[in-house]
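One structure is given here, and the rest of the page talks about it.
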Amino acid sequence: METKSSYLPVLMLFLLSANLLAQKEKVAQTPPMGWNSYNAFGATVRESEVRDNVDFISKNLLKVGWQYVVIDFCWFYPHHPLSKQDNPPQFRLPKDGSYVPWLAMDKYGRLLPDVGKFPSAGDGKGFKPLADYIHNQGLKFGIHVMRGIPRQAVWEKSPVKGVAGIDASMIADTNSTCGWLNNMYGLDMSKKGAQEYLNSILDLYAEWGVDFVKVDDILSPYYAPEIEGFRKAIDKCGRPIVFSTSLNAPLDKAGHISKNANMWRISADFWDNWKQLYEMFDHANNWTPYRAPGTWPDCDMLILGRLSRRGPVGDERESNFTKDEQRTHFTLWSIAQSPLMYGGDLRVCDLFTLSLISNPEVIAINQHSSDARQLYRKDDIVVWVSSMNEDEKLNVAIFNLGDQIRSVAFNFADIGIKGSHEVRDVWQQKSLGKIRNIYEQQINSHGCILLQIN
């Protein structure tokens with residue numbers, strides 16, 4: 001006869017599984033919105049620049065939903081103040097194979113912020129002082145990390161925290177490397193200590209107050225064991241953290257990635273050229289079945305405003321997109337419910353760009369709609385639709401991807417309604433009155449209109 005105590009291990013496993021599921025469901029119930037340092041500052045962003053962008057968001061954008069502040073890659077690399085070097089390499093010394101420059105790292109092989117770029121990280125404080133500053137502004141804090149374990153930790157044989165007798169050299173897969181940044185080896189997740197290493201870095205990030213982790217070099221090739229390892233470590237760390245993955249997610253892995261990550265990059269790095277924006281319509285359409293609370297296909301950053309102040313692509317500039325293309329860019333991201341991560345330097349944000357990213361009605365479509373999908377594509381006229389969650393309003397985005405201005409007629413019957421309906425121009429935030437059966441308007445080349453029909 002079984003006693004009640006014999007059921008305890010099963011019960012505890014059930015409760016743990018339920019708790020881990022709940023942990024994933026605590027975050028990203030709407031597409032995450034925020035600022036990312038990459039497109040303005042590449043690998044060289046500095047604490048003062050982050051703080052200035054935080055101040056802008058807190059003053060101008062928090063009220064309409066912008067929330068996350070994400071420091072992108074190489075925050076651990078000791079750049080000179082004048083450096084514009086992206087994908088910064090390490091080199092090995094011929095005498096003993098040690099690495100230069102030596103990256104800031106604790107005794108457990110966990111990378112730390114470079115104090116030259118992030119002075120408040122000194123005395124072992126890590127990102128906690130900066131995270132506290134961001135949290136005090138009502139915002140949330142995120143960091144970019146590379147898949148794997150530092151090569152210098154493998155060379156040093158850094159012990160894995162919490163696992164006696166295991167060091168970094170025992171858990172690294174030295175055949176698994178990133179093709180564009182040579183600081184890391186992959187992890188062999190079949191080895192004892194590999195999961196514990198990921199647990200240790202997520203525990204550290206939780207101590208700092210991290211709310212968002214973007215893991216790079218993990219989707220193409222697709223490293224399923226490490227994706228699952230990060231998922232487990234995030235769930236175990238005890239802090240709600242958005243799990244973002246990058247880049248070029250393969251569509252045939254959609255089921256796996258949507259089960260493990262909160263958002264995943266569906267393309268290569270996106271920049272301010274029309275060809276990439278044109279192609280993004282197909283990417284967004286292909287990933288439609290996997291768009292849901294907690295799991296968002298990610299079209300990449302919003303390439304608006306002042307870009308490449310110190311690299312990483314091209315000279316410093318305002319976005320090369322025309323005003324029509326910028327509106328098309330933001331409209332597609334919004335109606336397709338991509339995460340909205342602004343890539344420019346907000347310190348010099350112009351009034352037109354500010355008008356795009358602070359329009360509360362457009363943002364509401366991104367945050368509070370459902371059933372977002374491409375309705376049809378005909379001769380470079382593309383129509384996307386979605387429904388507002390709190391009422392019966394329908395959102396309709398009509399894009400002219402062609403090179404000539406076009407007069408476009410939209411038939412209400414295409415979305416299953418007929419007769420007269422109130423129509424609102426969402427970008428202009430004004431009513432167009434009651435319109436019967438068909439709405440017609442000229443649309444500029446590479447432009448769009450965004451309607452709400454009641």
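Going by the structure tokens order, chains are called A, B, ..., each with residues numbered from 1, while ligands are numbered from 1 in the order shown.
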Report task. May I have all residues of region 68-194 of chain A that DSSP, computed from the backbone, assigns to alpha helix (DSSP H), given as a ChimeraX atom specification? Result -> /A:128-136,151-156,194
Requested in this report: Find the spatial neighbours of region 449-453 of chain A, counting only C-alpha atoms, within a cut-off of 6 Å - ignore same-chain residues fewer than 4 positions away - and output them as a list in words.
Outcome: Lys393, Leu394, Asn395, Val396, Ala397, Ile398, Glu422, Val423, Arg424, Asp425 and Val426 of chain A
**Report entry** Distance query Gly229 (chain A) at most 12 Å, only C-alpha atoms, self and fewer than 5 positions along chain excluded, as an MDAnalysis selection string
**Finding:** chainID A and resid 147:148 186:191 193:202 215 218 223:224 234:236 243 260:261
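Interatomic distance, CA of Ala131 (chain A) to CA of Ala206 (chain A): 10.6 Å.
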Query raised in the report: Which residues, written as a VMD selection string, have at least one atom at most 12 Å from Tyr376 (chain A), with only C-alpha atoms counted and residues fewer than 6 positions away on the same chain left out?
Result: chain A and resid 281 to 282 285 382 to 385 396 to 399 410 414 to 415
Requested in this report: Record the distance separating CA of Asp86 (chain A) and CA of Ile257 (chain A), expressed in Å with one decimal.
Outcome: 27.9 Å
Report summary line: Using only C-alpha atoms, the residue out of A:Asn411, A:Thr245, A:Ser120, A:Thr30 with shortest distance to Leu219 (chain A) is A:Thr245
Report summary line: Min atom-atom distance to Gly343 (chain A) from the set A:Asp96, A:Asp298, A:Asp72, A:Asp324, counting only C-alpha atoms, belongs to A:Asp72
Pull the closest atom pair for each residue of region 342-376 of chain A that gets at most 12 Å from region 56-59 of chain A, along with the distance in Å to one decimal, counting only C-alpha atoms, ordering rows by chain and then ascending residue number, as a tab-separated table.
residue	atom	partner	partner_atom	distance
A:Tyr342	CA	A:Ile57	CA	10.6
A:Asp345	CA	A:Phe56	CA	10.0
A:Leu346	CA	A:Phe56	CA	6.7
A:Arg347	CA	A:Phe56	CA	6.8
A:Val348	CA	A:Phe56	CA	9.7
A:Cys349	CA	A:Phe56	CA	9.3
A:Leu354	CA	A:Ile57	CA	10.8
A:Ile357	CA	A:Ile57	CA	10.8
A:Ser358	CA	A:Ile57	CA	10.4
Keeping only C-alpha atoms, write the selected residues as a PDB file, in the first residue's frame.
ATOM      1  CA  TYR A 342      14.070  51.504 -31.496  1.00  0.00           C
ATOM      2  CA  ASP A 345      20.090  57.555 -30.798  1.00  0.00           C
ATOM      3  CA  LEU A 346      17.113  59.118 -29.048  1.00  0.00           C
ATOM      4  CA  ARG A 347      19.198  62.012 -27.736  1.00  0.00           C
ATOM      5  CA  VAL A 348      18.893  63.652 -31.173  1.00  0.00           C
ATOM      6  CA  CYS A 349      15.420  62.391 -32.082  1.00  0.00           C
ATOM      7  CA  LEU A 354       9.074  61.281 -32.447  1.00  0.00           C
ATOM      8  CA  ILE A 357       7.069  56.360 -32.252  1.00  0.00           C
ATOM      9  CA  SER A 358       4.734  58.226 -29.909  1.00  0.00           C
TER      10      SER A 358
END
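Distance check against Leu82 (chain A) using only C-alpha atoms: of A:Arg309, A:Lys26, A:Arg110, A:Lys378, the minimum falls on A:Arg309.
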**Report entry** Residues near Pro31 (chain A), cut-off 10 Å, only C-alpha atoms, skip fewer than 2 positions along chain, as a ChimeraX atom specification
**Finding:** /A:27-29,33-34,262-263,291-298,334,337-341,366-368
Report summary line: With distances taken over only C-alpha atoms, the candidate from A:Ile438, A:Leu356, A:Leu401, A:Val45 nearest Asp379 (chain A) is A:Leu401
